[in-house]
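**Q** Dropping a structure here in structure tokens format, bear with me for questions.
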Amino acid sequence: RLQFFKDVIENKGGHRVFYPNGYQAGPIHDENSVQILYRLTWNGTPSDISREVNDGRGPADFKASRGSKDKTIIEFKLASNTQLRRNLQHQVEVYKRASDAQSGIKVIVYFSRSELDKVNKNLNDLGLHGKENVILIDARADNKPSGSLAGIASSDI
């Protein structure tokens, strides 16, 4: 479901939802909006998906489950979050233990090249770069030209 969500934002125009006042006005930086959109991807699933579950150590963004032996914590972060590094390092593991979850996924949404650079630095420093349970979602508007403009440098437009 995360890969579907990522694909919609990166390749199917879903990034536009973050720019309600146009690209020049900049994106809304709202983790709550990202979570609400992600919740929509769970329609019709046999899994139980719960939002803001607090099993004793604070509220995890999501807990997906198909019973007590199949639980996953899903934590969303915006790249602009000032506590990103610390959250990447500790938060999901704490929530996993509190929920008796078998796995955890860290999702980071970024809106600019500089945010991506910051995320990559943190992931490299923490040894998390390229990990299967770390999903980066590119919500930039500056790298998604229409099909008629694809391949043309933005400086040529």
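Identifiers in the structure tokens: chain A, B, ... in order shown; residue index from 1 per chain; ligand index from 1 in order shown.
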Skipping near chain neighbours, those fewer than 6 positions away, what residues fall within 10 Å of range 121-125 of chain A using only C-alpha atoms, listed as a list in words?
**A** Leu84, Arg85, Arg86, Leu88, Gln89, Glu115, Lys131 and Val134 of chain A
**Q** Keeping all heavy atoms for every residue in the selection just given, could you write it to a file as an mmCIF file, in the first residue's frame?
**A**
```
data_model
loop_
_atom_site.group_PDB
_atom_site.id
_atom_site.type_symbol
_atom_site.label_atom_id
_atom_site.label_comp_id
_atom_site.auth_asym_id
_atom_site.auth_seq_id
_atom_site.Cartn_x
_atom_site.Cartn_y
_atom_site.Cartn_z
ATOM 1 N N LEU A 84 13.922 15.032 12.879
ATOM 2 C CA LEU A 84 13.948 13.900 11.954
ATOM 3 C C LEU A 84 15.004 12.864 12.324
ATOM 4 O O LEU A 84 14.709 11.671 12.408
ATOM 5 C CB LEU A 84 14.168 14.384 10.514
ATOM 6 C CG LEU A 84 14.203 13.291 9.451
ATOM 7 C CD1 LEU A 84 12.847 12.598 9.346
ATOM 8 C CD2 LEU A 84 14.608 13.871 8.103
ATOM 9 N N ARG A 85 16.225 13.277 12.529
ATOM 10 C CA ARG A 85 17.309 12.336 12.820
ATOM 11 C C ARG A 85 16.997 11.481 14.049
ATOM 12 O O ARG A 85 17.110 10.261 14.031
ATOM 13 C CB ARG A 85 18.616 13.084 13.000
ATOM 14 C CG ARG A 85 19.791 12.177 13.263
ATOM 15 C CD ARG A 85 21.052 13.004 13.527
ATOM 16 N NE ARG A 85 22.186 12.167 13.697
ATOM 17 C CZ ARG A 85 23.009 11.800 12.718
ATOM 18 N NH1 ARG A 85 22.796 12.219 11.486
ATOM 19 N NH2 ARG A 85 24.028 11.013 12.952
ATOM 20 N N ARG A 86 16.605 12.131 15.129
ATOM 21 C CA ARG A 86 16.302 11.412 16.368
ATOM 22 C C ARG A 86 15.122 10.465 16.170
ATOM 23 O O ARG A 86 15.129 9.328 16.628
ATOM 24 C CB ARG A 86 16.010 12.402 17.492
ATOM 25 C CG ARG A 86 15.827 11.715 18.843
ATOM 26 C CD ARG A 86 15.586 12.737 19.908
ATOM 27 N NE ARG A 86 14.513 13.622 19.472
ATOM 28 C CZ ARG A 86 13.564 14.066 20.267
ATOM 29 N NH1 ARG A 86 13.559 13.762 21.521
ATOM 30 N NH2 ARG A 86 12.621 14.845 19.801
ATOM 31 N N LEU A 88 14.118 9.061 13.362
ATOM 32 C CA LEU A 88 14.547 7.933 12.530
ATOM 33 C C LEU A 88 15.332 6.914 13.344
ATOM 34 O O LEU A 88 15.253 5.715 13.112
ATOM 35 C CB LEU A 88 15.403 8.419 11.363
ATOM 36 C CG LEU A 88 14.679 9.169 10.256
ATOM 37 C CD1 LEU A 88 15.681 9.764 9.272
ATOM 38 C CD2 LEU A 88 13.690 8.258 9.545
ATOM 39 N N GLN A 89 16.076 7.419 14.281
ATOM 40 C CA GLN A 89 16.954 6.562 15.065
ATOM 41 C C GLN A 89 16.184 5.731 16.094
ATOM 42 O O GLN A 89 16.529 4.571 16.320
ATOM 43 C CB GLN A 89 17.998 7.429 15.761
ATOM 44 C CG GLN A 89 19.159 6.684 16.320
ATOM 45 C CD GLN A 89 20.276 7.652 16.729
ATOM 46 O OE1 GLN A 89 20.062 8.850 16.865
ATOM 47 N NE2 GLN A 89 21.449 7.119 16.914
ATOM 48 N N GLU A 115 15.785 19.297 0.978
ATOM 49 C CA GLU A 115 15.228 18.361 1.960
ATOM 50 C C GLU A 115 15.693 16.935 1.673
ATOM 51 O O GLU A 115 16.038 16.191 2.597
ATOM 52 C CB GLU A 115 13.700 18.422 1.960
ATOM 53 C CG GLU A 115 13.139 19.653 2.622
ATOM 54 C CD GLU A 115 11.631 19.662 2.697
ATOM 55 O OE1 GLU A 115 10.960 18.770 2.121
ATOM 56 O OE2 GLU A 115 11.103 20.573 3.355
ATOM 57 N N LYS A 131 17.620 0.856 3.086
ATOM 58 C CA LYS A 131 16.911 -0.168 3.849
ATOM 59 C C LYS A 131 15.495 -0.326 3.305
ATOM 60 O O LYS A 131 14.828 0.649 2.950
ATOM 61 C CB LYS A 131 16.847 0.179 5.341
ATOM 62 C CG LYS A 131 18.198 0.247 6.024
ATOM 63 C CD LYS A 131 18.747 -1.135 6.231
ATOM 64 C CE LYS A 131 20.047 -1.053 7.013
ATOM 65 N NZ LYS A 131 20.623 -2.326 7.263
ATOM 66 N N VAL A 134 12.578 1.714 4.905
ATOM 67 C CA VAL A 134 12.630 3.176 4.844
ATOM 68 C C VAL A 134 12.170 3.591 3.445
ATOM 69 O O VAL A 134 12.810 3.267 2.451
ATOM 70 C CB VAL A 134 14.046 3.715 5.127
ATOM 71 C CG1 VAL A 134 14.074 5.230 5.000
ATOM 72 C CG2 VAL A 134 14.528 3.276 6.503
#
```
**Q** Enumerate, as a list in words, the complete set of residues in range 6-60 of chain A that a backbone-based DSSP assignment places in helix (DSSP H, G or I).
**A** Lys6, Asp7, Val8, Ile9, Glu10, Asn11, Gly14, His15, Arg16, Val17, Phe18, Tyr23, Gln24, Ala25, Glu31, Asn32, Ser33, Val34, Gln35, Ile36, Leu37, Tyr38, Arg39 and Leu40 of chain A
**Q** Take the selection from the previous step and output its residues with N, CA, C and O atoms, as a compact mmCIF listing (two decimals), in the first residue's frame.
**A**
```
# COMPACT_ATOMS: atom_id res chain seq x y z
N LYS A 6 3.13 5.94 -2.81
CA LYS A 6 4.33 6.58 -3.35
C LYS A 6 4.18 6.80 -4.86
O LYS A 6 4.47 7.88 -5.38
N ASP A 7 3.71 5.79 -5.57
CA ASP A 7 3.54 5.88 -7.01
C ASP A 7 2.54 6.97 -7.40
O ASP A 7 2.76 7.73 -8.34
N VAL A 8 1.43 7.05 -6.66
CA VAL A 8 0.43 8.07 -6.96
C VAL A 8 1.02 9.47 -6.78
O VAL A 8 0.84 10.35 -7.62
N ILE A 9 1.75 9.68 -5.69
CA ILE A 9 2.33 11.01 -5.44
C ILE A 9 3.43 11.33 -6.45
O ILE A 9 3.48 12.43 -6.99
N GLU A 10 4.30 10.38 -6.72
CA GLU A 10 5.45 10.65 -7.58
C GLU A 10 5.16 10.61 -9.07
O GLU A 10 5.78 11.35 -9.84
N ASN A 11 4.22 9.77 -9.50
CA ASN A 11 4.05 9.53 -10.93
C ASN A 11 2.66 9.80 -11.50
O ASN A 11 2.49 9.80 -12.71
N GLY A 14 -0.38 12.97 -7.86
CA GLY A 14 -0.82 13.10 -6.48
C GLY A 14 -0.11 14.19 -5.71
O GLY A 14 -0.65 14.73 -4.74
N HIS A 15 1.09 14.56 -6.15
CA HIS A 15 1.84 15.63 -5.48
C HIS A 15 1.08 16.95 -5.50
O HIS A 15 1.26 17.80 -4.64
N ARG A 16 0.18 17.11 -6.47
CA ARG A 16 -0.55 18.36 -6.62
C ARG A 16 -1.40 18.71 -5.39
O ARG A 16 -1.65 19.88 -5.12
N VAL A 17 -1.82 17.70 -4.66
CA VAL A 17 -2.65 17.94 -3.48
C VAL A 17 -1.90 18.76 -2.43
O VAL A 17 -2.52 19.45 -1.62
N PHE A 18 -0.59 18.74 -2.46
CA PHE A 18 0.22 19.48 -1.49
C PHE A 18 0.44 20.94 -1.91
O PHE A 18 1.08 21.70 -1.18
N TYR A 23 2.10 25.97 -7.45
CA TYR A 23 3.48 25.58 -7.16
C TYR A 23 4.32 26.75 -6.65
O TYR A 23 5.19 26.57 -5.81
N GLN A 24 4.04 27.94 -7.16
CA GLN A 24 4.83 29.11 -6.75
C GLN A 24 4.61 29.45 -5.28
O GLN A 24 5.49 29.97 -4.62
N ALA A 25 3.43 29.15 -4.76
CA ALA A 25 3.12 29.44 -3.35
C ALA A 25 3.80 28.45 -2.41
O ALA A 25 3.89 28.70 -1.21
N GLU A 31 1.94 17.00 8.12
CA GLU A 31 2.00 15.55 8.26
C GLU A 31 0.61 14.94 8.39
O GLU A 31 0.34 13.85 7.89
N ASN A 32 -0.30 15.65 9.03
CA ASN A 32 -1.66 15.17 9.19
C ASN A 32 -2.34 14.93 7.83
O ASN A 32 -3.01 13.92 7.65
N SER A 33 -2.14 15.83 6.88
CA SER A 33 -2.72 15.66 5.54
C SER A 33 -2.15 14.42 4.85
O SER A 33 -2.88 13.68 4.20
N VAL A 34 -0.85 14.21 4.99
CA VAL A 34 -0.22 13.03 4.41
C VAL A 34 -0.85 11.76 5.00
O VAL A 34 -1.17 10.81 4.28
N GLN A 35 -1.04 11.76 6.30
CA GLN A 35 -1.62 10.58 6.96
C GLN A 35 -3.05 10.32 6.51
O GLN A 35 -3.43 9.16 6.28
N ILE A 36 -3.83 11.36 6.36
CA ILE A 36 -5.22 11.19 5.91
C ILE A 36 -5.24 10.60 4.50
O ILE A 36 -6.00 9.67 4.21
N LEU A 37 -4.39 11.11 3.63
CA LEU A 37 -4.32 10.57 2.27
C LEU A 37 -3.90 9.10 2.27
O LEU A 37 -4.45 8.28 1.54
N TYR A 38 -2.91 8.78 3.09
CA TYR A 38 -2.45 7.39 3.16
C TYR A 38 -3.56 6.47 3.66
O TYR A 38 -3.72 5.35 3.18
N ARG A 39 -4.33 6.94 4.59
CA ARG A 39 -5.42 6.12 5.14
C ARG A 39 -6.37 5.67 4.03
O ARG A 39 -6.92 4.57 4.08
N LEU A 40 -6.55 6.48 3.00
CA LEU A 40 -7.43 6.12 1.90
C LEU A 40 -6.97 4.87 1.15
O LEU A 40 -7.78 4.17 0.55
```
**Q** Quick one: residues within 6 Å of Ala64 in chain A, only C-alpha atoms counted, chain neighbours fewer than 5 positions away excluded, as a PyMOL selection string?
**A** chain A and resi 48-49+71-72
**Q** Kindly indicate which residue among A:Ala139, A:Val92, A:Ser47, A:Ala79 lies nearest to Asn120 in chain A, using only C-alpha atoms for the distances.
**A**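 With only C-alpha atoms as the atom set, the closest residue is A:Ala79.
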**Q** My list of candidates is A:Ala98, A:Thr41, A:Lys144, A:Gly22. Which is closest to Asn54 in chain A when distances are computed with only C-alpha atoms?
**A** A:Ala98
**Q** Ranking A:Asn133, A:Thr45, A:Gln91, A:Thr82 by minimum distance to Gly104 in chain A and counting only C-alpha atoms, which one comes first?
**A**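 The closest residue to Gly104 in chain A is A:Asn133.
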**Q** Calculated over only C-alpha atoms, which of the candidates A:Val94, A:Ala141, A:Ile105, A:Ile73 has the smallest distance to Gln3 in chain A?
**A**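 That would be A:Ile105, the residue with the smallest distance to Gln3 in chain A.
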**Q** When you look at Phe76 in chain A with a cut-off of 7 Å (counting only C-alpha atoms), what residues show up, excluding the ones that are within fewer than 2 positions of it in the same chain? I need them as a list of chain:residue names.
**A**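 Close residues of Phe76 in chain A: A:Asp61, A:Ile74, A:Leu78, A:Lys106, A:Val107, A:Ile108.
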**Q** Just list as a ChimeraX atom specification whatever in chain A DSSP marks as strand (DSSP E).
**A** /A:48-54,59-65,71-78,103-110,134-138
**Q** Which residue is closest to Pro46 in chain A? Choose from A:Gly67, A:Val119, A:His129, A:Asp142 and count only C-alpha atoms.
**A**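 With only C-alpha atoms as the atom set, the closest residue is A:Gly67.
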